[in-house]
>>> print(open('run_3.cif').read())   # mmCIF, C-alpha atoms
data_model
loop_
_atom_site.label_atom_id
_atom_site.label_comp_id
_atom_site.auth_asym_id
_atom_site.auth_seq_id
_atom_site.Cartn_x
_atom_site.Cartn_y
_atom_site.Cartn_z
CA MET A 181 -11.28 12.38 0.18
CA PRO A 182 -8.91 13.45 2.94
CA SER A 183 -7.62 16.99 2.63
CA SER A 184 -4.15 16.28 3.99
CA PRO A 185 -1.78 13.51 2.95
CA THR A 186 -0.40 10.85 5.24
CA PRO A 187 2.37 12.12 7.55
CA ASP A 188 5.23 10.93 5.32
CA ALA A 189 3.53 11.66 1.98
CA ASP A 190 5.03 13.78 -0.71
CA PRO A 191 2.84 16.65 -1.89
CA ALA A 192 1.43 14.57 -4.76
CA GLU A 193 -2.20 15.16 -5.55
CA VAL A 194 -4.89 12.63 -4.81
CA ASP A 195 -6.20 10.77 -7.87
CA ALA A 196 -9.49 8.92 -8.14
CA LEU A 197 -9.17 5.54 -9.83
CA ASP A 198 -11.86 3.36 -11.33
CA ALA A 199 -11.86 0.22 -9.22
CA GLU A 200 -13.89 -2.93 -8.88
CA LEU A 201 -14.35 -5.55 -6.19
CA SER A 202 -14.60 -9.20 -7.09
CA ILE A 203 -15.11 -12.61 -5.53
CA PHE A 204 -14.96 -15.81 -7.56
CA GLY A 205 -18.46 -16.75 -8.67
CA GLU A 206 -19.99 -13.30 -8.13
CA ASP A 207 -20.47 -10.30 -10.41
CA PRO A 208 -17.88 -7.56 -9.79
CA ARG A 209 -19.02 -4.37 -8.06
CA PRO A 210 -17.62 -0.89 -8.61
CA ALA A 211 -15.77 0.83 -5.77
CA GLN A 212 -14.66 4.38 -5.05
CA LEU A 213 -10.90 4.56 -4.62
CA SER A 214 -8.67 7.60 -4.20
CA VAL A 215 -4.91 7.16 -4.07
CA TRP A 216 -1.67 9.05 -3.73
CA ILE A 217 0.54 8.20 -6.67
CA ARG A 218 4.05 7.84 -5.30
CA SER A 219 6.81 9.43 -7.35
CA ARG A 220 10.10 7.72 -8.02
CA ALA A 221 11.86 10.39 -5.90
CA TRP A 222 9.58 9.71 -2.92
CA ARG A 223 10.14 5.95 -3.18
CA LEU A 224 13.91 6.34 -3.64
CA ARG A 225 14.19 8.68 -0.64
CA GLY A 226 12.29 6.23 1.58
CA THR A 227 14.27 3.25 0.30
CA LEU A 228 17.64 4.94 0.88
CA THR A 229 16.57 6.08 4.36
CA ARG A 230 15.72 2.51 5.32
CA LEU A 231 18.91 1.12 3.82
CA GLY A 232 20.95 3.76 5.67
CA ALA A 233 19.27 2.96 8.98
CA THR A 234 19.89 -0.74 8.35
CA ALA A 235 23.57 -0.11 7.57
CA ILE A 236 23.91 1.65 10.94
CA ALA A 237 21.76 -0.71 13.02
CA ALA A 238 22.99 -4.09 11.71
CA PRO A 239 26.60 -3.75 12.97
CA LEU A 240 25.34 -2.45 16.31
CA ALA A 241 22.90 -5.35 16.65
CA PHE A 242 25.75 -7.73 15.83
CA LEU A 243 27.42 -6.69 19.12
CA ILE A 244 24.56 -8.18 21.19
CA PRO A 245 25.14 -11.85 22.11
CA PRO A 246 24.36 -14.23 20.44
CA HIS A 247 25.89 -12.11 17.73
CA ALA A 248 24.87 -13.51 14.35
CA PRO A 249 21.06 -13.84 14.76
CA TRP A 250 20.58 -10.20 15.78
CA GLY A 251 22.71 -8.81 13.00
CA VAL A 252 21.15 -11.03 10.35
CA GLY A 253 17.65 -10.26 11.65
CA VAL A 254 18.18 -6.50 11.51
CA LEU A 255 19.73 -6.79 8.04
CA ALA A 256 16.84 -8.92 6.73
CA GLY A 257 14.22 -6.66 8.30
CA GLY A 258 15.83 -3.52 6.88
CA LEU A 259 16.05 -5.01 3.40
CA LEU A 260 12.39 -6.06 3.59
CA LEU A 261 11.28 -2.56 4.65
CA ALA A 262 13.39 -0.97 1.89
CA ARG A 263 11.89 -3.27 -0.73
CA ARG A 264 8.35 -2.54 0.48
CA ARG A 265 8.95 1.21 0.16
CA TRP A 266 10.47 0.86 -3.32
CA THR A 267 7.46 -1.12 -4.58
CA GLU A 268 4.84 1.24 -3.08
CA HIS A 269 3.49 2.86 -6.23
CA LEU A 270 0.01 3.65 -4.89
CA THR A 271 -1.16 4.51 -1.36
CA VAL A 272 -4.83 4.57 -0.37
CA ALA A 273 -6.22 8.03 0.40
CA SER A 274 -9.85 6.91 0.69
CA PHE A 275 -11.89 3.84 -0.18
CA ARG A 276 -15.56 2.99 -0.27
CA GLY A 277 -17.03 -0.26 -1.50
CA HIS A 278 -19.39 -3.13 -0.79
CA CYS A 279 -18.79 -6.88 -0.76
CA PRO A 280 -19.93 -8.49 -4.03
CA ARG A 281 -21.30 -11.51 -2.13
CA CYS A 282 -23.13 -10.08 0.92
CA GLY A 283 -23.26 -6.33 0.21
CA SER A 284 -21.70 -5.22 3.52
CA ASP A 285 -19.37 -2.22 3.68
CA LEU A 286 -15.67 -2.94 3.24
CA THR A 287 -12.95 -0.84 4.83
CA LEU A 288 -9.42 -0.02 3.77
CA ALA A 289 -7.49 2.36 6.01
CA PRO A 290 -5.97 5.52 4.52
CA GLY A 291 -2.22 5.10 4.18
CA THR A 292 -2.46 1.43 3.16
CA ARG A 293 0.07 0.33 0.55
CA LEU A 294 -2.05 -0.73 -2.42
CA LEU A 295 -1.26 -3.92 -4.29
CA SER A 296 -2.80 -4.93 -7.59
CA PRO A 297 -5.02 -6.86 -7.00
CA HIS A 298 -5.37 -6.05 -3.31
CA ALA A 299 -6.95 -8.77 -1.14
CA MET A 300 -9.13 -7.77 1.79
CA PRO A 301 -11.39 -9.81 4.06
CA CYS A 302 -15.13 -9.23 4.31
CA GLU A 303 -15.95 -9.11 8.02
CA SER A 304 -19.56 -10.25 7.39
CA CYS A 305 -19.29 -13.27 5.09
CA HIS A 306 -15.58 -13.99 5.76
CA HIS A 307 -14.66 -14.28 2.08
CA GLU A 308 -11.56 -12.70 0.55
CA VAL A 309 -12.52 -9.83 -1.72
CA LEU A 310 -10.11 -8.66 -4.42
CA LEU A 311 -9.84 -4.95 -5.15
CA HIS A 312 -8.73 -4.31 -8.72
CA PRO A 313 -7.57 -0.68 -9.04
CA GLY A 314 -7.85 0.92 -12.47
CA SER A 315 -4.86 2.32 -14.27
CA VAL A 316 -3.41 5.69 -13.36
CA ALA A 317 -3.32 6.77 -17.01
CA SER A 318 -7.07 6.29 -17.40
CA SER A 319 -7.75 8.37 -14.28
CA ARG A 320 -5.76 11.29 -15.71
CA ALA A 321 -7.13 11.01 -19.25
CA GLY A 322 -9.99 13.45 -18.68
CA ARG A 323 -7.80 16.18 -17.16
CA PRO A 324 -6.60 19.25 -19.02
#
>>> encode(input="run_3.cif", output="structure tokens")
Amino acid sequence: MPSSPTPDADPAEVDALDAELSIFGEDPRPAQLSVWIRSRAWRLRGTLTRLGATAIAAPLAFLIPPHAPWGVGVLAGGLLLARRRWTEHLTVASFRGHCPRCGSDLTLAPGTRLLSPHAMPCESCHHEVLLHPGSVASSRAGRP
């Protein structure tokens, strides 16, 4: 597990989740997954920052000819980035697992926004592997 969070991470602790990797037609394999659980305050702060930057940049981009496409593009991009930050509940701190089909190592970069299930390609057999993270509540159940 990394000792320091990603550059824009809140000081939340790293939690280990039970996870499994699956491919249709193969038996699932366990994986080691550590995540930063993003608080509502962290997500709200990031969302509002992106919305604020969009509110400033969109009118300025509208001044560049041809006017409408630039303004609409900046507005759409800003809304997309804000939505992605708001829905980022888990961020990968570390990951270790093997492809259920071919057994090769799979990689997932620290700082990756984790979806449930999270699709990732196997570089060896070129199949799409699904990472199913366990629940946060079950990872904290054994703690005092």
>>> resolve_selection(input="run_3.cif", expression="the PyMOL selection byres ((chain A and resi 220-236) around 10)", output="PyMOL selection string")
chain A and resi 188-192+217-219+237-241+251+254-269
>>> residues_around(input="run_3.cif", residues="Thr292 (chain A)", least_positions_apart="6", cutoff="9 Å", atoms="all atoms listed in the file", output="MDAnalysis selection string")
chainID A and resid 270:273
>>> atom_distance(input="run_3.cif", atom1="CA of Ser214 (chain A)", atom2="CA of Pro280 (chain A)")
19.6 Å
>>> atom_distance(input="run_3.cif", atom1="CA of Phe275 (chain A)", atom2="CA of Val215 (chain A)")
8.7 Å
>>> closest_residue(input="run_3.cif", among="A:Gly253, A:Pro245, A:Pro301, A:Pro313", to="Cys279 (chain A)", atoms="only C-alpha atoms")
A:Pro301
>>> closest_residue(input="run_3.cif", among="A:Glu206, A:Gly314, A:Arg281, A:Glu193", to="Ser296 (chain A)", atoms="all atoms listed in the file")
A:Gly314
>>> residues_near_point(input="run_3.cif", point="(-9.8, 5.9, -2.4)", cutoff="10 Å", atoms="all atoms listed in the file", output="ChimeraX atom specification")
/A:181-182,194-199,211-216,271-277,288-290,313
>>> resolve_selection(input="run_3.cif", expression="the PyMOL selection byres ((chain A and resi 311) around 8)", output="PyMOL selection string")
chain A and resi 199-202+296-300+309-310+312-313
>>> build_atoms(input="run_3.cif", residues="region 261-273 of chain A", atoms="N, CA and C atoms", output="PDB file, keeping the file's coordinate frame")
ATOM      1  N   LEU A 261      11.926  -3.877   4.587  1.00  0.00           N
ATOM      2  CA  LEU A 261      11.280  -2.560   4.650  1.00  0.00           C
ATOM      3  C   LEU A 261      11.675  -1.684   3.463  1.00  0.00           C
ATOM      4  N   ALA A 262      12.935  -1.746   3.049  1.00  0.00           N
ATOM      5  CA  ALA A 262      13.390  -0.970   1.890  1.00  0.00           C
ATOM      6  C   ALA A 262      12.689  -1.439   0.620  1.00  0.00           C
ATOM      7  N   ARG A 263      12.568  -2.739   0.461  1.00  0.00           N
ATOM      8  CA  ARG A 263      11.890  -3.270  -0.730  1.00  0.00           C
ATOM      9  C   ARG A 263      10.416  -2.885  -0.747  1.00  0.00           C
ATOM     10  N   ARG A 264       9.759  -2.931   0.408  1.00  0.00           N
ATOM     11  CA  ARG A 264       8.350  -2.540   0.480  1.00  0.00           C
ATOM     12  C   ARG A 264       8.172  -1.072   0.096  1.00  0.00           C
ATOM     13  N   ARG A 265       9.065  -0.210   0.525  1.00  0.00           N
ATOM     14  CA  ARG A 265       8.950   1.210   0.160  1.00  0.00           C
ATOM     15  C   ARG A 265       9.188   1.397  -1.331  1.00  0.00           C
ATOM     16  N   TRP A 266      10.166   0.697  -1.901  1.00  0.00           N
ATOM     17  CA  TRP A 266      10.470   0.860  -3.320  1.00  0.00           C
ATOM     18  C   TRP A 266       9.297   0.410  -4.197  1.00  0.00           C
ATOM     19  N   THR A 267       8.557  -0.601  -3.763  1.00  0.00           N
ATOM     20  CA  THR A 267       7.460  -1.120  -4.580  1.00  0.00           C
ATOM     21  C   THR A 267       6.118  -0.464  -4.280  1.00  0.00           C
ATOM     22  N   GLU A 268       6.091   0.548  -3.427  1.00  0.00           N
ATOM     23  CA  GLU A 268       4.840   1.240  -3.080  1.00  0.00           C
ATOM     24  C   GLU A 268       4.537   2.312  -4.126  1.00  0.00           C
ATOM     25  N   HIS A 269       3.824   1.926  -5.164  1.00  0.00           N
ATOM     26  CA  HIS A 269       3.490   2.860  -6.230  1.00  0.00           C
ATOM     27  C   HIS A 269       2.218   3.646  -5.928  1.00  0.00           C
ATOM     28  N   LEU A 270       1.281   3.020  -5.227  1.00  0.00           N
ATOM     29  CA  LEU A 270       0.010   3.650  -4.890  1.00  0.00           C
ATOM     30  C   LEU A 270      -0.257   3.483  -3.395  1.00  0.00           C
ATOM     31  N   THR A 271      -0.784   4.548  -2.760  1.00  0.00           N
ATOM     32  CA  THR A 271      -1.160   4.510  -1.360  1.00  0.00           C
ATOM     33  C   THR A 271      -2.611   4.973  -1.259  1.00  0.00           C
ATOM     34  N   VAL A 272      -3.403   4.264  -0.488  1.00  0.00           N
ATOM     35  CA  VAL A 272      -4.830   4.570  -0.370  1.00  0.00           C
ATOM     36  C   VAL A 272      -5.023   5.901   0.356  1.00  0.00           C
ATOM     37  N   ALA A 273      -5.800   6.795  -0.254  1.00  0.00           N
ATOM     38  CA  ALA A 273      -6.220   8.030   0.400  1.00  0.00           C
ATOM     39  C   ALA A 273      -7.622   7.840   0.979  1.00  0.00           C
TER      40      ALA A 273
END
